[in-house]
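Chemist: Sharing entry32.cif here; it has mmCIF, C-alpha atoms and all ligand atoms.
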data_entry
loop_
_atom_site.label_atom_id
_atom_site.label_comp_id
_atom_site.auth_asym_id
_atom_site.auth_seq_id
_atom_site.Cartn_x
_atom_site.Cartn_y
_atom_site.Cartn_z
CA MET X 1013 38.54 10.58 -49.73
CA ASN X 1014 41.11 11.58 -47.15
CA ASN X 1015 39.81 15.09 -47.22
CA PHE X 1016 36.27 13.82 -46.69
CA LEU X 1017 37.32 11.68 -43.72
CA ILE X 1018 39.06 14.63 -42.08
CA LYS X 1019 35.96 16.75 -42.46
CA LEU X 1020 33.51 13.98 -41.42
CA PRO X 1021 33.45 14.74 -37.65
CA LEU X 1022 32.77 18.40 -38.43
CA ILE X 1023 29.98 17.48 -40.85
CA ILE X 1024 28.38 15.21 -38.21
CA VAL X 1025 28.53 17.95 -35.55
CA VAL X 1026 26.95 20.48 -37.94
CA ILE X 1027 24.16 18.03 -38.85
CA LEU X 1028 23.48 17.24 -35.18
CA LEU X 1029 23.42 20.89 -34.16
CA THR X 1030 21.15 21.87 -37.03
CA GLN X 1031 18.82 18.99 -36.37
CA SER X 1032 18.57 19.57 -32.62
CA GLY X 1033 17.91 23.29 -33.20
CA TYR X 1034 15.34 22.43 -35.85
CA ALA X 1035 13.68 19.89 -33.58
CA GLN X 1036 13.50 22.42 -30.73
CA ILE X 1037 12.11 25.35 -32.66
CA ASN X 1038 9.62 23.15 -34.48
CA SER X 1039 8.68 21.13 -31.43
CA SER X 1040 5.02 20.21 -31.45
CA ARG X 1041 4.86 20.72 -27.70
CA ASN X 1042 2.36 23.17 -26.32
CA TRP X 1043 3.30 26.40 -24.68
CA ALA X 1044 1.14 28.62 -22.47
CA ILE X 1045 1.49 31.90 -20.62
CA VAL X 1046 -0.58 33.73 -18.01
CA ILE X 1047 0.01 37.15 -16.49
CA HIS X 1048 -1.55 39.15 -13.67
CA GLY X 1049 -1.46 42.82 -12.82
CA GLY X 1050 -2.69 42.49 -9.25
CA ALA X 1051 -5.87 41.61 -7.38
CA GLY X 1052 -8.03 43.62 -5.00
CA ALA X 1053 -11.45 45.06 -4.38
CA ALA X 1054 -12.90 46.52 -7.59
CA PRO X 1055 -12.71 50.31 -7.03
CA THR X 1056 -15.76 52.38 -7.94
CA SER X 1057 -13.35 54.44 -10.05
CA MET X 1058 -12.83 51.43 -12.37
CA THR X 1059 -14.78 52.80 -15.34
CA PRO X 1060 -15.14 50.94 -18.67
CA GLU X 1061 -12.62 53.41 -20.13
CA LYS X 1062 -10.08 52.53 -17.42
CA ILE X 1063 -10.70 48.83 -17.92
CA GLU X 1064 -9.99 49.29 -21.61
CA VAL X 1065 -6.64 50.92 -20.84
CA TYR X 1066 -5.66 48.08 -18.49
CA GLU X 1067 -6.73 45.48 -21.03
CA LYS X 1068 -4.67 47.13 -23.75
CA HIS X 1069 -1.52 46.91 -21.62
CA LEU X 1070 -2.25 43.39 -20.42
CA ILE X 1071 -2.68 42.19 -24.02
CA GLU X 1072 0.50 43.99 -25.04
CA ALA X 1073 2.42 42.33 -22.20
CA VAL X 1074 1.12 38.83 -22.90
CA SER X 1075 1.83 39.32 -26.63
CA ILE X 1076 5.52 39.86 -25.84
CA GLY X 1077 5.53 36.45 -24.14
CA LYS X 1078 3.48 34.86 -26.91
CA LYS X 1079 5.96 35.95 -29.56
CA MET X 1080 8.96 34.74 -27.54
CA LEU X 1081 7.39 31.34 -26.79
CA ASN X 1082 6.46 30.91 -30.45
CA GLU X 1083 10.07 31.65 -31.38
CA GLY X 1084 11.34 28.96 -29.01
CA TYR X 1085 12.59 31.10 -26.10
CA LYS X 1086 12.84 29.42 -22.70
CA SER X 1087 10.14 30.24 -20.18
CA ILE X 1088 12.64 31.73 -17.71
CA ASP X 1089 13.59 34.43 -20.26
CA VAL X 1090 9.96 34.96 -21.21
CA VAL X 1091 8.64 35.58 -17.68
CA GLN X 1092 11.47 38.05 -17.02
CA LYS X 1093 10.84 40.03 -20.22
CA VAL X 1094 7.09 40.19 -19.67
CA VAL X 1095 7.54 41.35 -16.07
CA ASN X 1096 10.00 43.98 -17.35
CA TYR X 1097 7.21 45.40 -19.52
CA LEU X 1098 4.80 45.46 -16.57
CA GLU X 1099 7.42 47.01 -14.27
CA ASP X 1100 7.94 49.82 -16.79
CA CYS X 1101 4.20 50.43 -17.16
CA PRO X 1102 3.10 53.08 -14.58
CA LEU X 1103 -0.38 51.55 -14.21
CA PHE X 1104 0.87 48.72 -12.03
CA ASN X 1105 2.31 48.46 -8.51
CA ALA X 1106 5.76 47.28 -9.62
CA GLY X 1107 8.76 49.22 -10.89
CA LYS X 1108 7.47 52.59 -12.18
CA GLY X 1109 4.15 53.11 -10.35
CA ALA X 1110 5.08 51.17 -7.20
CA VAL X 1111 3.24 52.20 -4.01
CA LYS X 1112 4.89 54.12 -1.15
CA ASN X 1113 5.57 52.86 2.34
CA ILE X 1114 4.48 54.85 5.42
CA ASP X 1115 7.58 57.07 5.18
CA GLY X 1116 6.82 57.98 1.56
CA ILE X 1117 9.56 55.74 0.16
CA HIS X 1118 9.18 53.10 -2.54
CA GLU X 1119 10.55 49.71 -1.46
CA LEU X 1120 10.25 46.95 -4.01
CA ASP X 1121 10.26 43.14 -3.90
CA ALA X 1122 10.68 40.64 -6.75
CA ALA X 1123 11.35 36.95 -7.35
CA ILE X 1124 11.93 34.56 -10.22
CA MET X 1125 12.04 30.75 -10.27
CA ASP X 1126 13.11 28.20 -12.85
CA GLY X 1127 11.07 25.01 -12.53
CA SER X 1128 13.56 22.98 -14.57
CA ASN X 1129 16.19 23.05 -11.82
CA LEU X 1130 14.40 24.67 -8.85
CA LYS X 1131 16.82 27.59 -8.98
CA ALA X 1132 15.39 30.84 -7.64
CA GLY X 1133 16.46 34.44 -7.07
CA ALA X 1134 14.81 37.29 -5.20
CA VAL X 1135 15.34 40.82 -3.88
CA ALA X 1136 13.41 42.59 -1.14
CA GLY X 1137 13.09 46.16 0.11
CA VAL X 1138 15.09 47.64 -2.76
CA ARG X 1139 14.85 51.38 -3.34
CA ASP X 1140 16.82 52.16 -6.47
CA ILE X 1141 16.87 49.20 -8.86
CA LYS X 1142 14.78 50.19 -11.90
CA ASN X 1143 13.75 46.63 -12.73
CA PRO X 1144 13.93 44.48 -9.58
CA ILE X 1145 13.12 41.30 -11.53
CA ASN X 1146 16.43 41.70 -13.39
CA ALA X 1147 18.25 41.80 -10.06
CA ALA X 1148 16.33 38.70 -8.93
CA ARG X 1149 17.39 36.91 -12.12
CA LEU X 1150 21.03 37.76 -11.51
CA VAL X 1151 20.81 36.61 -7.89
CA MET X 1152 19.63 33.28 -9.30
CA ASP X 1153 22.16 33.08 -12.11
CA SER X 1154 25.32 34.50 -10.60
CA THR X 1155 25.28 33.99 -6.83
CA VAL X 1156 25.02 31.05 -4.45
CA HIS X 1157 22.15 32.84 -2.67
CA VAL X 1158 18.41 33.09 -3.17
CA LEU X 1159 17.35 36.35 -1.49
CA LEU X 1160 19.23 39.66 -1.16
CA ILE X 1161 17.73 42.61 0.68
CA GLY X 1162 17.95 46.42 0.82
CA GLU X 1163 21.34 48.05 0.46
CA GLY X 1164 23.10 44.74 -0.11
CA ALA X 1165 20.81 43.99 -3.04
CA SER X 1166 21.48 47.47 -4.44
CA ALA X 1167 25.24 47.06 -4.11
CA PHE X 1168 24.93 43.73 -5.94
CA ALA X 1169 22.80 45.31 -8.70
CA LYS X 1170 25.38 48.10 -9.14
CA SER X 1171 28.19 45.55 -9.35
CA LYS X 1172 26.24 43.90 -12.19
CA ASN X 1173 25.68 47.24 -13.98
CA LEU X 1174 21.90 47.08 -13.65
CA GLU X 1175 20.07 50.36 -14.17
CA ILE X 1176 19.92 52.37 -10.93
CA VAL X 1177 17.38 55.18 -10.47
CA ASP X 1178 16.46 57.77 -7.90
CA ASN X 1179 13.63 56.61 -5.61
CA LYS X 1180 11.44 59.38 -7.12
CA TYR X 1181 11.51 57.53 -10.46
CA PHE X 1182 8.93 55.04 -9.14
CA SER X 1183 6.34 57.74 -8.27
CA THR X 1184 3.23 58.65 -10.22
CA ASP X 1185 0.49 61.25 -9.50
CA GLU X 1186 -1.83 58.39 -8.56
CA ARG X 1187 0.61 57.07 -5.94
CA GLU X 1188 1.21 60.56 -4.51
CA LYS X 1189 -2.55 61.04 -4.03
CA GLU X 1190 -2.88 57.60 -2.46
CA TYR X 1191 -0.01 58.37 -0.07
CA THR X 1192 -1.56 61.69 1.00
CA LYS X 1193 -4.77 59.83 1.88
CA ILE X 1194 -2.86 57.19 3.84
CA ARG X 1195 -1.05 59.89 5.84
CA LYS X 1196 -4.41 61.45 6.66
CA GLY X 1197 -5.67 58.04 7.75
CA SER X 1198 -8.47 58.10 5.20
CA GLU X 1199 -7.15 55.18 3.21
CA ASN X 1200 -5.60 52.00 4.35
CA GLY X 1201 -4.77 48.82 2.58
CA ASN X 1202 -3.91 47.36 -0.70
CA PRO X 1203 -4.59 49.04 -4.04
CA GLY X 1204 -3.47 45.92 -5.92
CA GLY X 1205 -1.28 46.14 -8.99
CA THR X 1206 1.47 43.62 -8.24
CA VAL X 1207 2.57 41.96 -11.47
CA GLY X 1208 3.36 38.34 -12.28
CA CYS X 1209 3.92 35.97 -15.14
CA VAL X 1210 4.01 32.18 -15.42
CA ALA X 1211 4.87 30.25 -18.56
CA LEU X 1212 5.36 26.78 -20.02
CA ASP X 1213 7.79 26.69 -22.95
CA ILE X 1214 8.01 24.19 -25.81
CA TYR X 1215 10.73 22.26 -23.97
CA GLY X 1216 8.38 21.54 -21.05
CA ASN X 1217 9.99 24.08 -18.69
CA LEU X 1218 7.83 26.00 -16.22
CA SER X 1219 8.89 29.39 -14.80
CA ALA X 1220 7.37 32.06 -12.58
CA ALA X 1221 8.22 35.71 -11.91
CA THR X 1222 6.55 38.27 -9.63
CA SER X 1223 7.36 41.94 -8.90
CA THR X 1224 5.72 44.46 -6.56
CA GLY X 1225 5.91 47.65 -4.55
CA GLY X 1226 4.15 45.68 -1.80
CA MET X 1227 1.33 46.99 0.39
CA SER X 1228 0.61 50.69 0.30
CA GLY X 1229 1.65 52.41 3.57
CA LYS X 1230 3.62 49.36 4.78
CA LYS X 1231 5.83 49.85 7.84
CA TRP X 1232 9.29 49.07 9.25
CA GLY X 1233 10.94 47.31 6.36
CA ARG X 1234 7.94 45.06 5.71
CA VAL X 1235 8.58 42.31 3.16
CA GLY X 1236 5.62 40.63 1.49
CA ASP X 1237 5.03 37.24 -0.05
CA VAL X 1238 6.42 38.03 -3.51
CA PRO X 1239 10.14 37.42 -2.80
CA ILE X 1240 9.45 34.54 -0.40
CA ILE X 1241 9.92 31.45 -2.55
CA GLY X 1242 6.91 29.19 -2.09
CA ALA X 1243 4.64 31.97 -0.83
CA GLY X 1244 4.08 34.35 -3.76
CA THR X 1245 6.28 32.68 -6.36
CA TYR X 1246 7.05 29.04 -7.16
CA ALA X 1247 7.81 26.81 -10.15
CA ASN X 1248 8.54 23.11 -10.54
CA ASN X 1249 8.51 21.30 -13.89
CA GLU X 1250 6.87 18.32 -12.19
CA THR X 1251 3.78 20.28 -11.17
CA ALA X 1252 3.18 23.96 -11.95
CA ALA X 1253 4.40 27.55 -12.01
CA ILE X 1254 2.49 29.92 -9.72
CA SER X 1255 2.51 33.68 -9.13
CA GLY X 1256 0.37 35.27 -6.43
CA THR X 1257 -1.07 38.65 -5.63
CA GLY X 1258 -3.00 39.98 -2.68
CA HIS X 1259 -2.68 40.22 1.09
CA GLY X 1260 0.92 39.00 1.25
CA GLU X 1261 0.96 38.10 4.95
CA LEU X 1262 -1.69 35.44 4.30
CA TRP X 1263 0.25 34.13 1.31
CA ILE X 1264 3.33 33.74 3.54
CA ARG X 1265 1.42 32.07 6.37
CA ARG X 1266 -0.27 29.63 3.97
CA VAL X 1267 2.82 29.17 1.75
CA VAL X 1268 0.30 29.50 -1.06
CA ALA X 1269 2.33 28.91 -4.24
CA PHE X 1270 4.12 25.86 -2.84
CA ASP X 1271 0.94 24.49 -1.27
CA ILE X 1272 -0.75 24.44 -4.69
CA CYS X 1273 2.19 22.48 -6.14
CA ALA X 1274 2.27 20.19 -3.08
CA LEU X 1275 -1.43 19.30 -3.47
CA MET X 1276 -0.72 18.41 -7.09
CA SER X 1277 2.32 16.37 -6.20
CA TYR X 1278 1.20 14.55 -3.02
CA LYS X 1279 -2.54 14.28 -3.63
CA SER X 1280 -2.67 14.25 -7.45
CA TYR X 1281 -4.94 17.31 -7.54
CA SER X 1282 -5.30 19.04 -10.89
CA LEU X 1283 -3.93 22.59 -11.01
CA GLU X 1284 -7.47 23.93 -10.96
CA GLU X 1285 -8.52 21.82 -7.96
CA ALA X 1286 -5.37 22.77 -6.05
CA ALA X 1287 -5.67 26.52 -6.74
CA ASN X 1288 -9.36 26.56 -5.79
CA GLU X 1289 -8.69 24.59 -2.61
CA VAL X 1290 -5.96 26.98 -1.46
CA ILE X 1291 -7.66 30.27 -2.38
CA PHE X 1292 -11.22 29.47 -1.32
CA LYS X 1293 -10.77 26.90 1.45
CA LYS X 1294 -7.55 28.10 3.04
CA ILE X 1295 -7.14 31.82 2.25
CA SER X 1296 -10.77 33.03 2.21
CA PRO X 1297 -11.57 31.88 5.79
CA MET X 1298 -8.58 33.89 7.07
CA GLY X 1299 -10.27 37.20 6.24
CA GLY X 1300 -7.93 40.00 5.20
CA SER X 1301 -8.19 41.62 1.82
CA GLY X 1302 -7.76 38.39 -0.18
CA GLY X 1303 -6.20 38.09 -3.60
CA GLY X 1304 -5.49 35.46 -6.21
CA VAL X 1305 -3.05 33.34 -8.15
CA ILE X 1306 -2.23 32.54 -11.74
CA GLY X 1307 -0.76 29.20 -12.70
CA VAL X 1308 0.22 26.94 -15.55
CA ASP X 1309 0.92 23.23 -15.31
CA LYS X 1310 3.24 20.95 -17.24
CA ASN X 1311 0.47 20.15 -19.76
CA GLY X 1312 -0.30 23.79 -20.48
CA ASN X 1313 -3.50 23.98 -18.39
CA ILE X 1314 -3.90 27.44 -16.89
CA VAL X 1315 -5.71 28.96 -13.90
CA MET X 1316 -6.60 32.48 -12.80
CA VAL X 1317 -8.26 32.10 -9.39
CA PHE X 1318 -9.10 35.02 -7.06
CA ASN X 1319 -11.49 35.80 -4.21
CA THR X 1320 -11.54 39.57 -4.80
CA GLY X 1321 -13.67 41.72 -7.09
CA LEU X 1322 -10.83 42.22 -9.53
CA MET X 1323 -7.69 40.63 -10.85
CA HIS X 1324 -5.99 42.09 -13.92
CA ARG X 1325 -5.13 39.09 -16.06
CA ALA X 1326 -4.38 37.86 -19.56
CA TRP X 1327 -3.32 34.62 -21.17
CA ALA X 1328 -2.14 33.11 -24.44
CA LYS X 1329 -1.79 29.52 -25.66
CA SER X 1330 0.02 27.81 -28.52
CA SER X 1331 -3.42 27.11 -30.04
CA GLY X 1332 -3.49 30.84 -30.89
CA GLU X 1333 -5.97 31.78 -28.16
CA VAL X 1334 -5.41 35.11 -26.39
CA GLY X 1335 -7.66 36.32 -23.58
CA VAL X 1336 -7.99 39.13 -21.07
CA GLY X 1337 -10.02 40.06 -17.97
CA VAL X 1338 -10.14 42.66 -15.21
CA LEU X 1339 -13.29 42.26 -13.09
CA LYS X 1340 -14.62 39.00 -11.70
CA GLY X 1341 -16.30 37.01 -14.47
CA ASP X 1342 -15.48 39.45 -17.28
CA GLU X 1343 -12.69 37.51 -18.97
CA ARG X 1344 -13.04 37.01 -22.69
CA VAL X 1345 -11.12 35.52 -25.56
CA VAL X 1346 -9.88 38.30 -27.84
CA LYS X 1347 -8.20 36.05 -30.38
CA LYS X 1348 -8.91 32.42 -31.25
N1 LIG X 1401 1.20 40.48 -2.44
C1 LIG X 1401 1.75 41.80 -2.43
C2 LIG X 1401 2.38 42.02 -1.08
O1 LIG X 1401 1.78 41.65 -0.09
C3 LIG X 1401 0.76 42.90 -2.69
C4 LIG X 1401 -0.19 42.66 -3.82
O2 LIG X 1401 -0.12 41.65 -4.50
O3 LIG X 1401 -1.04 43.52 -4.07
O4 LIG X 1401 3.43 42.59 -1.02
#
Step by step, read the file and then write its structure as structure tokens.

Modeler:
Amino acid sequence: MNNFLIKLPLIIVVILLTQSGYAQINSSRNWAIVIHGGAGAAPTSMTPEKIEVYEKHLIEAVSIGKKMLNEGYKSIDVVQKVVNYLEDCPLFNAGKGAVKNIDGIHELDAAIMDGSNLKAGAVAGVRDIKNPINAARLVMDSTVHVLLIGEGASAFAKSKNLEIVDNKYFSTDEREKEYTKIRKGSENGNPGGTVGCVALDIYGNLSAATSTGGMSGKKWGRVGDVPIIGAGTYANNETAAISGTGHGELWIRRVVAFDICALMSYKSYSLEEAANEVIFKKISPMGGSGGGVIGVDKNGNIVMVFNTGLMHRAWAKSSGEVGVGVLKGDERVVKK
């Protein structure tokens, strides 16, 4: 009896821990995830074969998130891991495959936000951090700051033992060709390819992450919308998680990601109504090269809204549904 009484507190703790873990992993709550791989004008070079390649990678990326969410991972870890995959994939304008600025240098921006506590981290204009989203996550987790830039961000990343690479690492043949055209003045603008991920986990937490090389041929230390919290990236458990892509200056001026959440919060718009209002009624009239957003709300509703010819995108839901799309109107469910 005595022995039992001594052990009782331990037994109770073990039962509580087991039960809370069991309850979490087997929660009946929905989860949902959406990713984008950039928006822009649909290039004539976008053949069905190329679309197939993009779709393959988009489905692979979203499947990483699907597996993690099914296993009970938190959305903040999921969005980071999925963006890691997209940063390492040379097809996209983030990490390996990032565009060059006017001086032929890759300068990358990234941000991550946790909607459960409104914590956020971002880096801008970094030249040697292999996975900028990992640096953004550490800014959020281990500093009192939100945004670190350039050499300071690199010094921070080194102090945290993140992988550092030569600037040449980010280059691909495609980007070299694009840069040559820009130098000749025969190409100007935004090839798209920024990457982003938003997710709702089974605990009801919303998170967003976005990573980019920015606008091709950008000048003088230009920073886009991606690392500006509220512009290209935002998450709040009370409303939605949003990641943007497109003509970043417009996203900054319209504070796009926050504006969508604000419409939901102050005017009780649905996520879909809010995203459509901001992209078509506020961004489209401004001209520029446009773009889009992905979003997920606290109930697992998702949006993929864009005013361009193309936005690489994929989604998955706890119902088992997986879908993908590249061109306007071509999205399809690949798994029910
Ligand atoms: N929004 C990014 C930027 O302006 C570019 C893009 O999404 O294509 O830096």

Chemist: For each of X:Gly1299, X:Gly1236, X:Gly1197, X:Gly1332, take the minimum atom-to-atom distance to ligand LIG 1401 (chain X), counting only C-alpha atoms and all ligand atoms, then give the residue where this is smallest.

Modeler: X:Gly1236

Chemist: If I put a ball of radius 10 Å at (-12.1, 37.9, -10.8) in the file's coordinates, which residues poke into it when counting all atoms listed in the file, written as an mmCIF file with C-alpha atoms, in the coordinates of the input?

Modeler:
data_model
loop_
_atom_site.group_PDB
_atom_site.id
_atom_site.type_symbol
_atom_site.label_atom_id
_atom_site.label_comp_id
_atom_site.auth_asym_id
_atom_site.auth_seq_id
_atom_site.Cartn_x
_atom_site.Cartn_y
_atom_site.Cartn_z
ATOM 1 C CA ALA X 1051 -5.870 41.610 -7.380
ATOM 2 C CA GLY X 1052 -8.030 43.620 -5.000
ATOM 3 C CA ALA X 1053 -11.450 45.060 -4.380
ATOM 4 C CA ALA X 1054 -12.900 46.520 -7.590
ATOM 5 C CA GLY X 1303 -6.200 38.090 -3.600
ATOM 6 C CA GLY X 1304 -5.490 35.460 -6.210
ATOM 7 C CA MET X 1316 -6.600 32.480 -12.800
ATOM 8 C CA VAL X 1317 -8.260 32.100 -9.390
ATOM 9 C CA PHE X 1318 -9.100 35.020 -7.060
ATOM 10 C CA ASN X 1319 -11.490 35.800 -4.210
ATOM 11 C CA THR X 1320 -11.540 39.570 -4.800
ATOM 12 C CA GLY X 1321 -13.670 41.720 -7.090
ATOM 13 C CA LEU X 1322 -10.830 42.220 -9.530
ATOM 14 C CA MET X 1323 -7.690 40.630 -10.850
ATOM 15 C CA HIS X 1324 -5.990 42.090 -13.920
ATOM 16 C CA ARG X 1325 -5.130 39.090 -16.060
ATOM 17 C CA GLY X 1337 -10.020 40.060 -17.970
ATOM 18 C CA VAL X 1338 -10.140 42.660 -15.210
ATOM 19 C CA LEU X 1339 -13.290 42.260 -13.090
ATOM 20 C CA LYS X 1340 -14.620 39.000 -11.700
ATOM 21 C CA GLY X 1341 -16.300 37.010 -14.470
ATOM 22 C CA ASP X 1342 -15.480 39.450 -17.280
ATOM 23 C CA GLU X 1343 -12.690 37.510 -18.970
#

Chemist: Build an axis-aligned box that encloses every atom of ligand LIG 1401 (chain X) listed in the file, pad it by 8 Å on each side, and report its centre and edge lengths in Å to one decimal, as AutoDock Vina command-line options.

Modeler:
--center_x 1.2 --center_y 42.0 --center_z -2.3 --size_x 20.5 --size_y 19.0 --size_z 20.4

Chemist: What residues of the protein or nucleic acid chains come within 7 Å of ligand LIG 1401 (chain X) when you use all atoms listed in the file? Reply as a PyMOL selection string.

Modeler: chain X and resi 1050-1051+1202-1206+1224-1227+1235-1238+1244+1256-1261

Chemist: Report, in Å with one decimal, the straight-line distance from atom CA of X:Ala1147 to atom CA of X:Asn1248.

Modeler: 21.1 Å

Chemist: (6.9, 38.4, -12.0) in this file's frame - what residues fall within 10 Å of it? Use only C-alpha atoms and give the answer as a PyMOL selection string.

Modeler: chain X and resi 1047-1049+1091-1096+1098-1099+1106+1121-1125+1144-1145+1148+1206-1210+1219-1224+1238-1239+1244-1245+1254-1256

Chemist: Hey, can you check how far atom CA of X:Arg1041 sits from atom CA of X:Asp1213?

Modeler: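 Going from atom CA of X:Arg1041 over to atom CA of X:Asp1213 covers 8.2 Å.
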
Chemist: Quick one: residues within 7 Å of stretch 1190-1192 of chain X, all atoms listed in the file, excluding same-chain residues fewer than 4 positions away - as an NGL selection string?

Modeler: :X and (1112 or 1186 or 1196)

Chemist: Find the distance between atom CA of X:Val1074 and atom CA of X:Gly1312 and write it in Å to one decimal.

Modeler: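 Between atom CA of X:Val1074 and atom CA of X:Gly1312 the gap works out to 15.3 Å.
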
Chemist: Take stretch 1155-1171 of chain X, model N, CA and C atoms, and hand the result over as a PDB file, in the coordinates of the input.

Modeler:
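Final file, selection_8.pdb:
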ATOM      1  N   THR X1155      24.844  34.079  -8.227  1.00  0.00           N
ATOM      2  CA  THR X1155      25.280  33.990  -6.830  1.00  0.00           C
ATOM      3  C   THR X1155      24.915  32.605  -6.288  1.00  0.00           C
ATOM      4  N   VAL X1156      25.392  32.332  -5.080  1.00  0.00           N
ATOM      5  CA  VAL X1156      25.020  31.050  -4.450  1.00  0.00           C
ATOM      6  C   VAL X1156      23.827  31.276  -3.517  1.00  0.00           C
ATOM      7  N   HIS X1157      23.245  32.501  -3.586  1.00  0.00           N
ATOM      8  CA  HIS X1157      22.150  32.840  -2.670  1.00  0.00           C
ATOM      9  C   HIS X1157      20.809  32.847  -3.385  1.00  0.00           C
ATOM     10  N   VAL X1158      19.750  33.002  -2.589  1.00  0.00           N
ATOM     11  CA  VAL X1158      18.410  33.090  -3.170  1.00  0.00           C
ATOM     12  C   VAL X1158      17.821  34.483  -2.971  1.00  0.00           C
ATOM     13  N   LEU X1159      18.036  35.083  -1.802  1.00  0.00           N
ATOM     14  CA  LEU X1159      17.350  36.350  -1.490  1.00  0.00           C
ATOM     15  C   LEU X1159      18.341  37.386  -0.958  1.00  0.00           C
ATOM     16  N   LEU X1160      18.408  38.538  -1.637  1.00  0.00           N
ATOM     17  CA  LEU X1160      19.230  39.660  -1.160  1.00  0.00           C
ATOM     18  C   LEU X1160      18.294  40.807  -0.802  1.00  0.00           C
ATOM     19  N   ILE X1161      18.637  41.538   0.252  1.00  0.00           N
ATOM     20  CA  ILE X1161      17.730  42.610   0.680  1.00  0.00           C
ATOM     21  C   ILE X1161      18.406  43.982   0.686  1.00  0.00           C
ATOM     22  N   GLY X1162      17.562  45.029   0.599  1.00  0.00           N
ATOM     23  CA  GLY X1162      17.950  46.420   0.820  1.00  0.00           C
ATOM     24  C   GLY X1162      19.237  46.859   0.167  1.00  0.00           C
ATOM     25  N   GLU X1163      20.108  47.471   0.998  1.00  0.00           N
ATOM     26  CA  GLU X1163      21.340  48.050   0.460  1.00  0.00           C
ATOM     27  C   GLU X1163      22.264  47.008  -0.148  1.00  0.00           C
ATOM     28  N   GLY X1164      22.262  45.823   0.432  1.00  0.00           N
ATOM     29  CA  GLY X1164      23.100  44.740  -0.110  1.00  0.00           C
ATOM     30  C   GLY X1164      22.662  44.379  -1.519  1.00  0.00           C
ATOM     31  N   ALA X1165      21.340  44.315  -1.711  1.00  0.00           N
ATOM     32  CA  ALA X1165      20.810  43.990  -3.040  1.00  0.00           C
ATOM     33  C   ALA X1165      21.179  45.087  -4.029  1.00  0.00           C
ATOM     34  N   SER X1166      21.116  46.344  -3.566  1.00  0.00           N
ATOM     35  CA  SER X1166      21.480  47.470  -4.440  1.00  0.00           C
ATOM     36  C   SER X1166      22.958  47.420  -4.829  1.00  0.00           C
ATOM     37  N   ALA X1167      23.804  47.132  -3.835  1.00  0.00           N
ATOM     38  CA  ALA X1167      25.240  47.060  -4.110  1.00  0.00           C
ATOM     39  C   ALA X1167      25.493  45.956  -5.147  1.00  0.00           C
ATOM     40  N   PHE X1168      24.807  44.847  -4.980  1.00  0.00           N
ATOM     41  CA  PHE X1168      24.930  43.730  -5.940  1.00  0.00           C
ATOM     42  C   PHE X1168      24.488  44.174  -7.335  1.00  0.00           C
ATOM     43  N   ALA X1169      23.332  44.869  -7.394  1.00  0.00           N
ATOM     44  CA  ALA X1169      22.800  45.310  -8.700  1.00  0.00           C
ATOM     45  C   ALA X1169      23.791  46.258  -9.376  1.00  0.00           C
ATOM     46  N   LYS X1170      24.387  47.167  -8.579  1.00  0.00           N
ATOM     47  CA  LYS X1170      25.380  48.100  -9.140  1.00  0.00           C
ATOM     48  C   LYS X1170      26.577  47.324  -9.674  1.00  0.00           C
ATOM     49  N   SER X1171      27.009  46.325  -8.924  1.00  0.00           N
ATOM     50  CA  SER X1171      28.190  45.550  -9.350  1.00  0.00           C
ATOM     51  C   SER X1171      27.908  44.807 -10.656  1.00  0.00           C
TER      52      SER X1171
END
